[in-house]
file model_5.txt (compact mmCIF, C-alpha atoms and all ligand atoms)
# COMPACT_ATOMS: atom_id res chain seq x y z
CA MET A 1299 7.01 20.93 -2.08
CA SER A 1300 3.84 20.26 -0.11
CA SER A 1301 0.56 22.11 -0.78
CA PRO A 1302 -1.33 23.61 2.23
CA LEU A 1303 -4.20 21.17 1.61
CA ARG A 1304 -1.84 18.18 1.87
CA THR A 1305 -0.44 19.55 5.14
CA LEU A 1306 -4.01 19.95 6.42
CA ALA A 1307 -4.88 16.39 5.38
CA TYR A 1308 -1.88 14.95 7.24
CA ARG A 1309 -2.55 17.05 10.36
CA HIS A 1310 -6.27 16.39 10.61
CA ARG A 1311 -7.47 12.82 10.20
CA TRP A 1312 -11.08 13.89 9.48
CA PHE A 1313 -9.90 15.94 6.48
CA TYR A 1314 -7.73 13.07 5.18
CA GLU A 1315 -10.68 10.72 5.51
CA ALA A 1316 -13.03 13.16 3.76
CA VAL A 1317 -10.61 13.50 0.82
CA THR A 1318 -10.13 9.72 0.61
CA ALA A 1319 -13.88 9.12 0.84
CA THR A 1320 -14.55 11.57 -2.01
CA SER A 1321 -11.82 10.22 -4.27
CA SER A 1322 -12.78 6.60 -3.50
CA LEU A 1323 -16.30 7.10 -4.91
CA SER A 1324 -14.89 6.17 -8.32
CA VAL A 1325 -14.17 2.62 -7.06
CA GLY A 1326 -17.34 2.22 -4.98
CA GLY A 1327 -16.40 3.95 -1.72
CA PRO A 1328 -13.73 3.81 1.00
CA THR A 1329 -14.51 0.27 2.19
CA ARG A 1330 -14.10 -1.20 -1.30
CA LEU A 1331 -10.96 0.91 -1.87
CA ARG A 1332 -9.32 -0.34 1.33
CA GLY A 1333 -10.40 -3.94 0.58
CA LEU A 1334 -8.97 -4.14 -2.95
CA GLY A 1335 -5.64 -5.67 -1.92
CA ALA A 1336 -7.22 -8.05 0.60
CA ALA A 1337 -9.59 -9.39 -2.07
CA TRP A 1338 -6.73 -10.40 -4.37
CA LEU A 1339 -4.62 -11.87 -1.54
CA ALA A 1340 -7.63 -13.91 -0.41
CA ASP A 1341 -7.64 -15.55 -3.87
CA GLN A 1342 -4.06 -16.75 -3.26
CA LEU A 1343 -3.61 -17.33 0.48
CA PRO A 1344 -5.54 -19.29 3.12
CA ALA A 1345 -7.00 -17.69 6.26
CA GLY A 1346 -4.34 -17.59 8.96
CA ALA A 1347 -1.50 -16.73 6.54
CA ALA A 1348 0.89 -14.02 7.77
CA VAL A 1349 0.28 -10.79 5.83
CA LEU A 1350 1.97 -7.42 6.34
CA ASP A 1351 0.36 -4.10 5.43
CA LEU A 1352 3.30 -1.81 4.69
CA CYS A 1353 2.73 1.93 5.31
CA CYS A 1354 -0.54 1.07 7.03
CA GLY A 1355 -1.48 4.62 8.11
CA GLY A 1356 -4.67 4.58 10.18
CA GLY A 1357 -5.07 0.85 9.58
CA GLU A 1358 -8.12 0.71 7.31
CA ALA A 1359 -6.54 -1.53 4.65
CA ALA A 1360 -4.79 -3.67 7.30
CA LEU A 1361 -8.15 -4.26 8.98
CA ALA A 1362 -9.63 -5.34 5.64
CA LEU A 1363 -6.92 -8.05 5.64
CA ALA A 1364 -7.79 -9.01 9.23
CA GLN A 1365 -11.46 -9.32 8.23
CA ARG A 1366 -10.35 -11.95 5.69
CA GLY A 1367 -8.88 -13.97 8.58
CA PHE A 1368 -5.20 -13.32 7.87
CA ALA A 1369 -2.66 -12.98 10.70
CA VAL A 1370 -1.95 -9.30 10.05
CA SER A 1371 0.89 -6.93 10.93
CA GLY A 1372 0.71 -3.25 10.02
CA LEU A 1373 3.86 -1.15 9.73
CA ASP A 1374 4.13 2.61 9.56
CA VAL A 1375 6.75 5.22 10.37
CA ALA A 1376 4.24 7.58 12.04
CA PRO A 1377 3.43 6.82 15.72
CA ARG A 1378 0.27 8.95 15.53
CA ALA A 1379 -1.10 6.94 12.62
CA LEU A 1380 -0.30 3.74 14.52
CA ASP A 1381 -2.19 5.02 17.58
CA GLN A 1382 -5.24 5.60 15.36
CA ALA A 1383 -4.82 2.15 13.81
CA ARG A 1384 -4.54 0.54 17.26
CA GLU A 1385 -7.70 2.28 18.44
CA ARG A 1386 -9.57 1.32 15.25
CA SER A 1387 -8.60 -2.36 15.58
CA ARG A 1388 -9.61 -2.32 19.26
CA ARG A 1389 -13.04 -0.89 18.36
CA MET A 1390 -13.52 -3.50 15.63
CA GLY A 1391 -12.26 -6.35 17.83
CA LEU A 1392 -9.72 -7.42 15.20
CA PRO A 1393 -6.24 -8.32 16.46
CA VAL A 1394 -3.37 -6.80 14.43
CA THR A 1395 0.30 -6.45 15.37
CA TRP A 1396 1.26 -2.79 14.87
CA VAL A 1397 4.91 -2.11 14.14
CA GLU A 1398 6.71 1.23 14.04
CA GLY A 1399 9.45 1.25 11.40
CA LEU A 1400 10.68 2.21 7.98
CA ALA A 1401 9.20 0.52 4.92
CA GLU A 1402 12.67 0.62 3.34
CA ASP A 1403 14.10 -1.41 6.24
CA PRO A 1404 11.29 -3.12 8.17
CA PRO A 1405 12.30 -4.55 11.55
CA LEU A 1406 10.87 -7.99 10.68
CA PRO A 1407 12.60 -11.28 9.82
CA ALA A 1408 13.35 -12.36 6.24
CA GLY A 1409 10.78 -14.81 4.91
CA SER A 1410 8.34 -14.09 7.74
CA GLN A 1411 5.37 -13.16 5.50
CA SER A 1412 3.16 -15.04 3.05
CA GLY A 1413 1.75 -11.77 1.72
CA VAL A 1414 2.59 -8.08 1.70
CA GLN A 1415 0.21 -5.26 0.80
CA ILE A 1416 1.12 -1.67 -0.06
CA SER A 1417 -2.09 0.38 -0.29
CA LEU A 1418 -2.00 3.94 -1.64
CA ALA A 1419 1.52 4.55 -0.34
CA LEU A 1420 4.20 3.69 -2.89
CA HIS A 1421 3.68 7.01 -4.69
CA GLU A 1422 4.93 8.75 -1.53
CA PHE A 1423 8.48 7.52 -2.24
CA SER A 1424 11.16 8.64 -4.70
CA ALA A 1425 12.29 6.14 -7.35
CA GLY A 1426 15.32 5.09 -5.27
CA GLU A 1427 13.19 4.68 -2.15
CA ARG A 1428 10.57 2.68 -4.09
CA ALA A 1429 13.29 0.25 -5.18
CA ALA A 1430 14.37 -0.11 -1.53
CA VAL A 1431 10.75 -0.70 -0.40
CA LEU A 1432 10.16 -3.33 -3.10
CA HIS A 1433 13.42 -5.10 -2.20
CA ALA A 1434 12.29 -5.06 1.45
CA CYS A 1435 9.00 -6.73 0.38
CA HIS A 1436 11.00 -9.39 -1.47
CA ARG A 1437 13.16 -10.01 1.63
CA LEU A 1438 10.14 -10.31 3.94
CA LEU A 1439 8.24 -12.76 1.74
CA GLN A 1440 8.62 -16.51 1.76
CA PRO A 1441 9.50 -17.99 -1.65
CA GLY A 1442 6.18 -18.19 -3.55
CA GLY A 1443 4.74 -15.34 -1.43
CA TRP A 1444 2.46 -12.63 -2.79
CA LEU A 1445 2.75 -8.84 -3.09
CA VAL A 1446 -0.29 -6.70 -3.82
CA ILE A 1447 -0.06 -2.99 -4.61
CA VAL A 1448 -2.93 -0.52 -4.98
CA ASP A 1449 -1.89 2.92 -6.14
CA LEU A 1450 -2.18 5.70 -8.67
CA HIS A 1451 -2.19 4.94 -12.39
CA PRO A 1452 -1.60 7.54 -15.13
CA ALA A 1453 -5.16 8.46 -16.15
CA THR A 1454 -6.17 9.28 -19.69
CA GLY A 1455 -9.44 10.64 -21.09
CA VAL A 1456 -12.06 11.93 -18.70
CA MET A 1457 -10.08 11.07 -15.54
CA ALA A 1458 -6.87 12.86 -16.62
CA LEU A 1459 -7.89 16.35 -15.47
CA PRO A 1460 -9.33 15.28 -12.06
CA GLN A 1461 -6.14 13.30 -11.42
CA GLN A 1462 -3.92 16.30 -12.28
CA LEU A 1463 -6.02 18.45 -9.96
CA PHE A 1464 -5.88 15.87 -7.15
CA CYS A 1465 -2.10 15.51 -7.49
CA SER A 1466 -1.47 19.27 -7.51
CA LEU A 1467 -3.64 19.77 -4.39
CA PHE A 1468 -2.70 16.73 -2.30
CA GLU A 1469 0.43 15.06 -3.62
CA THR A 1470 4.13 15.90 -3.99
CA GLU A 1471 6.73 15.43 -6.74
CA THR A 1472 7.07 11.76 -5.80
CA ALA A 1473 3.51 11.08 -7.05
CA LEU A 1474 4.30 12.70 -10.39
CA ASP A 1475 7.50 10.65 -10.59
CA PHE A 1476 5.51 7.50 -9.74
CA LEU A 1477 2.95 8.28 -12.45
CA ALA A 1478 5.72 8.81 -15.02
CA GLY A 1479 7.29 5.44 -14.15
CA ASP A 1480 6.30 1.85 -14.88
CA LEU A 1481 5.19 0.03 -11.73
CA ALA A 1482 5.28 -3.45 -13.31
CA ALA A 1483 8.87 -2.88 -14.47
CA GLU A 1484 9.90 -1.68 -10.98
CA VAL A 1485 8.29 -4.71 -9.34
CA THR A 1486 9.97 -7.04 -11.85
CA ALA A 1487 13.35 -5.37 -11.23
CA ALA A 1488 12.96 -6.18 -7.52
CA GLY A 1489 12.76 -9.90 -8.35
CA PHE A 1490 9.00 -10.50 -8.61
CA ASP A 1491 6.88 -12.06 -11.34
CA VAL A 1492 3.89 -9.83 -12.12
CA ARG A 1493 0.81 -12.09 -12.21
CA ARG A 1494 -2.13 -9.71 -12.54
CA ARG A 1495 -2.82 -6.02 -13.23
CA GLU A 1496 -6.06 -4.10 -13.28
CA PRO A 1497 -6.79 -0.43 -13.95
CA LEU A 1498 -9.48 1.00 -11.68
CA ALA A 1499 -11.37 4.27 -11.26
CA GLY A 1500 -11.50 4.93 -14.98
CA GLY A 1501 -7.73 4.34 -15.20
CA ALA A 1502 -6.73 6.69 -12.36
CA LEU A 1503 -5.82 3.81 -10.02
CA GLN A 1504 -4.26 0.39 -10.47
CA ARG A 1505 -4.09 -2.90 -8.62
CA LEU A 1506 -1.10 -5.16 -9.22
CA LEU A 1507 -0.41 -8.67 -7.95
CA ALA A 1508 3.09 -10.14 -8.06
CA GLN A 1509 4.72 -13.31 -6.76
CA LYS A 1510 8.17 -13.96 -5.36
CA PRO A 1511 9.39 -16.94 -7.42
CA ALA A 1512 9.18 -20.24 -5.53
CA ASP A 1513 12.87 -20.90 -6.24
CA ALA A 1514 14.00 -17.42 -5.18
CA GLY A 1515 15.43 -18.36 -1.78
CA LEU A 1516 15.40 -15.69 0.91
CA GLN A 1517 18.00 -13.34 -0.57
CA PRO A 1518 16.75 -10.21 -2.41
CA ALA A 1519 17.31 -9.81 -6.16
CA GLU A 1520 20.41 -7.76 -7.08
C1 LIG A 1601 -1.18 7.95 1.94
S1 LIG A 1601 -0.90 7.10 3.44
C2 LIG A 1601 -1.59 5.51 3.05
C3 LIG A 1601 -2.09 4.82 4.29
C4 LIG A 1601 -2.82 3.50 4.10
N1 LIG A 1601 -1.98 2.47 3.53
C5 LIG A 1601 -4.11 3.63 3.32
O1 LIG A 1601 -4.39 2.78 2.46
O2 LIG A 1601 -4.88 4.55 3.61
C6 LIG A 1601 0.84 6.79 3.38
C7 LIG A 1601 1.41 6.25 4.70
O3 LIG A 1601 2.78 5.93 4.48
C8 LIG A 1601 3.49 6.20 5.66
N2 LIG A 1601 4.92 6.33 5.33
C9 LIG A 1601 5.52 7.29 4.60
N3 LIG A 1601 6.84 7.06 4.50
C10 LIG A 1601 7.09 5.91 5.19
C11 LIG A 1601 8.26 5.13 5.43
N4 LIG A 1601 9.44 5.50 4.96
N5 LIG A 1601 8.14 4.00 6.15
C12 LIG A 1601 6.92 3.61 6.65
N6 LIG A 1601 5.79 4.31 6.46
C13 LIG A 1601 5.86 5.44 5.72
C14 LIG A 1601 2.87 7.48 6.17
O4 LIG A 1601 3.13 7.68 7.56
C15 LIG A 1601 1.39 7.24 5.85
O5 LIG A 1601 0.73 6.66 6.96
call {"tool": "encode", "arguments": {"input": "model_5.txt", "output": "structure tokens"}}
result
Amino acid sequence: MSSPLRTLAYRHRWFYEAVTATSSLSVGGPTRLRGLGAAWLADQLPAGAAVLDLCCGGGEAALALAQRGFAVSGLDVAPRALDQARERSRRMGLPVTWVEGLAEDPPLPAGSQSGVQISLALHEFSAGERAAVLHACHRLLQPGGWLVIVDLHPATGVMALPQQLFCSLFETETALDFLAGDLAAEVTAAGFDVRRREPLAGGALQRLLAQKPADAGLQPAE
């Protein structure tokens, strides 16, 4: 079930951005939050590499990739979000290819990407859908390609209560399911090698970097 505040956030971009800006203070603000994935991909991939931002929303995290010099595509299922992303990239003068489609079955060729980013979106999917999305990432990546995920992490201590409050106001059951699961195990089950993990925001967020094995071929893991 969706709370009225979540509905408001999805209907009104300014409200979504205000909520994100407030919650991103714990990692240093919205620009740093949206640049977390790009920073780790830039350690692995040269400028010009093809990188896809899956579930790109209004394009902020995709544009952080473009600022690093990657050849960026952004995919989302919502045409309105893509319109906002298109307008944002036009204003910033950063070329990005915007694609409408499902993250579970992206309309892009196998092996077409050197990197894939999923920023603050995987928790929107059920466990079965997450497996489909991660398999899609595996299919899209070249052997040796990189996947970076920034998302919720089960908080303990001082961040536990704010996270519970945030989830009950703005998230759905899928976020609770995501928090109860093990992201590294899910990524490994999709055929990736997890290379790096970092808790952020006092443990309320995480950043994970994984690699498609160089000998994996283009077929997804079973
Ligand atoms: C919480 S927003 C995150 C947006 C962005 N990545 C960011 O960092 O701000 C989640 C996005 O996932 C998109 N989305 C949800 N389900 C999807 C699906 N099945 N396929 C593609 N996009 C989807 C939504 O339209 C929304 O833009």
call {"tool": "atom_distance", "arguments": {"input": "model_5.txt", "atom1": "atom CA of Gln1415 of chain A", "atom2": "atom CA of Ile1447 of chain A"}}
result
5.9 Å
call {"tool": "closest_residue", "arguments": {"input": "model_5.txt", "among": "A:Val1325, A:Ala1408, A:Ala1419, A:Ala1336", "to": "ligand LIG 1601 (chain A)", "atoms": "only C-alpha atoms and all ligand atoms"}}
result
A:Ala1419
call {"tool": "atom_distance", "arguments": {"input": "model_5.txt", "atom1": "atom CA of Leu1438 of chain A", "atom2": "atom CA of Gly1355 of chain A"}}
result
19.4 Å
call {"tool": "closest_atom_pairs", "arguments": {"input": "model_5.txt", "of": "chain A", "to": "ligand LIG 1601 (chain A)", "cutoff": "9 Å", "atoms": "only C-alpha atoms and all ligand atoms", "output": "tab-separated table"}}
result
residue	atom	partner	partner_atom	distance
A:Tyr1308	CA	A:LIG1601	C15	8.5
A:Tyr1314	CA	A:LIG1601	C1	8.9
A:Glu1315	CA	A:LIG1601	O2	8.7
A:Thr1318	CA	A:LIG1601	O2	8.0
A:Leu1331	CA	A:LIG1601	O1	8.1
A:Arg1332	CA	A:LIG1601	O1	5.9
A:Asp1351	CA	A:LIG1601	N1	7.2
A:Leu1352	CA	A:LIG1601	C12	6.8
A:Cys1353	CA	A:LIG1601	N6	4.0
A:Cys1354	CA	A:LIG1601	N1	4.0
A:Gly1355	CA	A:LIG1601	O5	3.2
A:Gly1356	CA	A:LIG1601	C3	6.4
A:Gly1357	CA	A:LIG1601	C4	6.5
A:Glu1358	CA	A:LIG1601	O2	6.2
A:Ala1359	CA	A:LIG1601	O1	5.3
A:Ala1360	CA	A:LIG1601	N1	7.7
A:Leu1373	CA	A:LIG1601	C12	6.4
A:Asp1374	CA	A:LIG1601	N6	3.9
A:Val1375	CA	A:LIG1601	C12	4.1
A:Ala1376	CA	A:LIG1601	O4	4.6
A:Pro1377	CA	A:LIG1601	O4	8.2
A:Arg1378	CA	A:LIG1601	O4	8.6
A:Ala1379	CA	A:LIG1601	O5	6.0
A:Leu1380	CA	A:LIG1601	O5	8.2
A:Glu1398	CA	A:LIG1601	C12	7.8
A:Gly1399	CA	A:LIG1601	C12	5.9
A:Leu1400	CA	A:LIG1601	N5	3.6
A:Ala1401	CA	A:LIG1601	N5	3.8
A:Glu1402	CA	A:LIG1601	N4	6.1
A:Asp1403	CA	A:LIG1601	N5	8.0
A:Pro1404	CA	A:LIG1601	N5	8.0
A:Gln1415	CA	A:LIG1601	N1	8.5
A:Ile1416	CA	A:LIG1601	N1	6.3
A:Ser1417	CA	A:LIG1601	O1	4.3
A:Leu1418	CA	A:LIG1601	O1	4.9
A:Ala1419	CA	A:LIG1601	C6	4.4
A:Leu1420	CA	A:LIG1601	C6	7.8
A:His1421	CA	A:LIG1601	C1	8.3
A:Glu1422	CA	A:LIG1601	C9	6.3
A:Phe1423	CA	A:LIG1601	N3	7.0
A:Glu1427	CA	A:LIG1601	N4	8.1
A:Val1431	CA	A:LIG1601	N4	8.3
A:Val1448	CA	A:LIG1601	O1	8.3
A:Asp1449	CA	A:LIG1601	O1	9.0
call {"tool": "atom_distance", "arguments": {"input": "model_5.txt", "atom1": "atom CA of His1451 of chain A", "atom2": "atom CA of Leu1503 of chain A"}}
result
4.5 Å
call {"tool": "residues_around", "arguments": {"input": "model_5.txt", "residues": "Gln1440 of chain A", "least_positions_apart": "2", "cutoff": "7 Å", "atoms": "all atoms listed in the file", "output": "PyMOL selection string"}}
result
chain A and resi 1409-1412+1438+1442-1443+1516
call {"tool": "closest_residue", "arguments": {"input": "model_5.txt", "among": "A:Ala1482, A:Leu1450, A:Met1390, A:Leu1363", "to": "Trp1338 of chain A", "atoms": "all atoms listed in the file"}}
result
A:Leu1363
call {"tool": "closest_residue", "arguments": {"input": "model_5.txt", "among": "A:Ala1345, A:Met1457, A:Ala1478, A:Val1414", "to": "Lys1510 of chain A", "atoms": "only C-alpha atoms"}}
result
A:Val1414
call {"tool": "residues_around", "arguments": {"input": "model_5.txt", "residues": "Ala1347 of chain A", "least_positions_apart": "6", "cutoff": "10 Å", "atoms": "all atoms listed in the file", "output": "list in words"}}
result
Leu1339, Ala1340, Gly1367, Phe1368, Ala1369, Val1370, Gln1411, Ser1412 and Gly1413 of chain A
call {"tool": "closest_residue", "arguments": {"input": "model_5.txt", "among": "A:Gly1455, A:Thr1329, A:Leu1350, A:Val1397", "to": "Asp1381 of chain A", "atoms": "only C-alpha atoms"}}
result
A:Val1397
call {"tool": "axis_aligned_box", "arguments": {"input": "model_5.txt", "around": "segment 1468-1471 of chain A", "padding_each_side": "8 Å", "output": "AutoDock Vina command-line options"}}
result
--center_x 2.0 --center_y 15.9 --center_z -4.5 --size_x 25.4 --size_y 17.7 --size_z 20.4
call {"tool": "decode", "arguments": {"input": "model_5.txt", "residues": "segment 1442-1487 of chain A", "atoms": "C-alpha atoms", "output": "mmCIF file, in the first residue's frame"}}
result
data_model
loop_
_atom_site.group_PDB
_atom_site.id
_atom_site.type_symbol
_atom_site.label_atom_id
_atom_site.label_comp_id
_atom_site.auth_asym_id
_atom_site.auth_seq_id
_atom_site.Cartn_x
_atom_site.Cartn_y
_atom_site.Cartn_z
ATOM 1 C CA GLY A 1442 34.240 -7.789 -17.317
ATOM 2 C CA GLY A 1443 31.667 -4.953 -17.143
ATOM 3 C CA TRP A 1444 30.710 -3.163 -13.932
ATOM 4 C CA LEU A 1445 27.464 -2.802 -11.979
ATOM 5 C CA VAL A 1446 27.083 -0.166 -9.284
ATOM 6 C CA ILE A 1447 24.086 -0.017 -6.951
ATOM 7 C CA VAL A 1448 23.240 2.726 -4.446
ATOM 8 C CA ASP A 1449 20.275 1.952 -2.229
ATOM 9 C CA LEU A 1450 18.868 1.504 1.241
ATOM 10 C CA HIS A 1451 20.773 -0.481 3.858
ATOM 11 C CA PRO A 1452 19.238 -1.812 7.089
ATOM 12 C CA ALA A 1453 20.206 0.872 9.615
ATOM 13 C CA THR A 1454 21.098 0.138 13.209
ATOM 14 C CA GLY A 1455 21.700 2.493 16.146
ATOM 15 C CA VAL A 1456 20.835 6.144 15.777
ATOM 16 C CA MET A 1457 19.719 5.859 12.126
ATOM 17 C CA ALA A 1458 17.283 2.963 12.719
ATOM 18 C CA LEU A 1459 14.325 5.087 13.835
ATOM 19 C CA PRO A 1460 14.665 7.778 11.097
ATOM 20 C CA GLN A 1461 14.875 4.995 8.497
ATOM 21 C CA GLN A 1462 11.719 3.298 9.839
ATOM 22 C CA LEU A 1463 9.929 6.641 9.759
ATOM 23 C CA PHE A 1464 11.136 7.405 6.223
ATOM 24 C CA CYS A 1465 10.059 3.966 4.976
ATOM 25 C CA SER A 1466 6.606 4.170 6.572
ATOM 26 C CA LEU A 1467 5.994 7.645 5.080
ATOM 27 C CA PHE A 1468 7.513 7.280 1.616
ATOM 28 C CA GLU A 1469 8.134 3.644 0.753
ATOM 29 C CA THR A 1470 6.079 0.500 0.142
ATOM 30 C CA GLU A 1471 6.370 -3.159 1.193
ATOM 31 C CA THR A 1472 9.060 -3.703 -1.444
ATOM 32 C CA ALA A 1473 11.474 -1.447 0.494
ATOM 33 C CA LEU A 1474 10.897 -3.448 3.675
ATOM 34 C CA ASP A 1475 11.446 -6.657 1.713
ATOM 35 C CA PHE A 1476 14.641 -5.179 0.221
ATOM 36 C CA LEU A 1477 15.901 -4.200 3.686
ATOM 37 C CA ALA A 1478 15.213 -7.705 5.014
ATOM 38 C CA GLY A 1479 17.174 -9.278 2.140
ATOM 39 C CA ASP A 1480 20.885 -9.509 1.348
ATOM 40 C CA LEU A 1481 21.822 -7.373 -1.651
ATOM 41 C CA ALA A 1482 25.289 -8.923 -2.088
ATOM 42 C CA ALA A 1483 23.763 -12.417 -2.166
ATOM 43 C CA GLU A 1484 21.161 -11.330 -4.749
ATOM 44 C CA VAL A 1485 23.837 -9.758 -6.956
ATOM 45 C CA THR A 1486 26.005 -12.880 -6.650
ATOM 46 C CA ALA A 1487 23.028 -15.106 -7.551
#
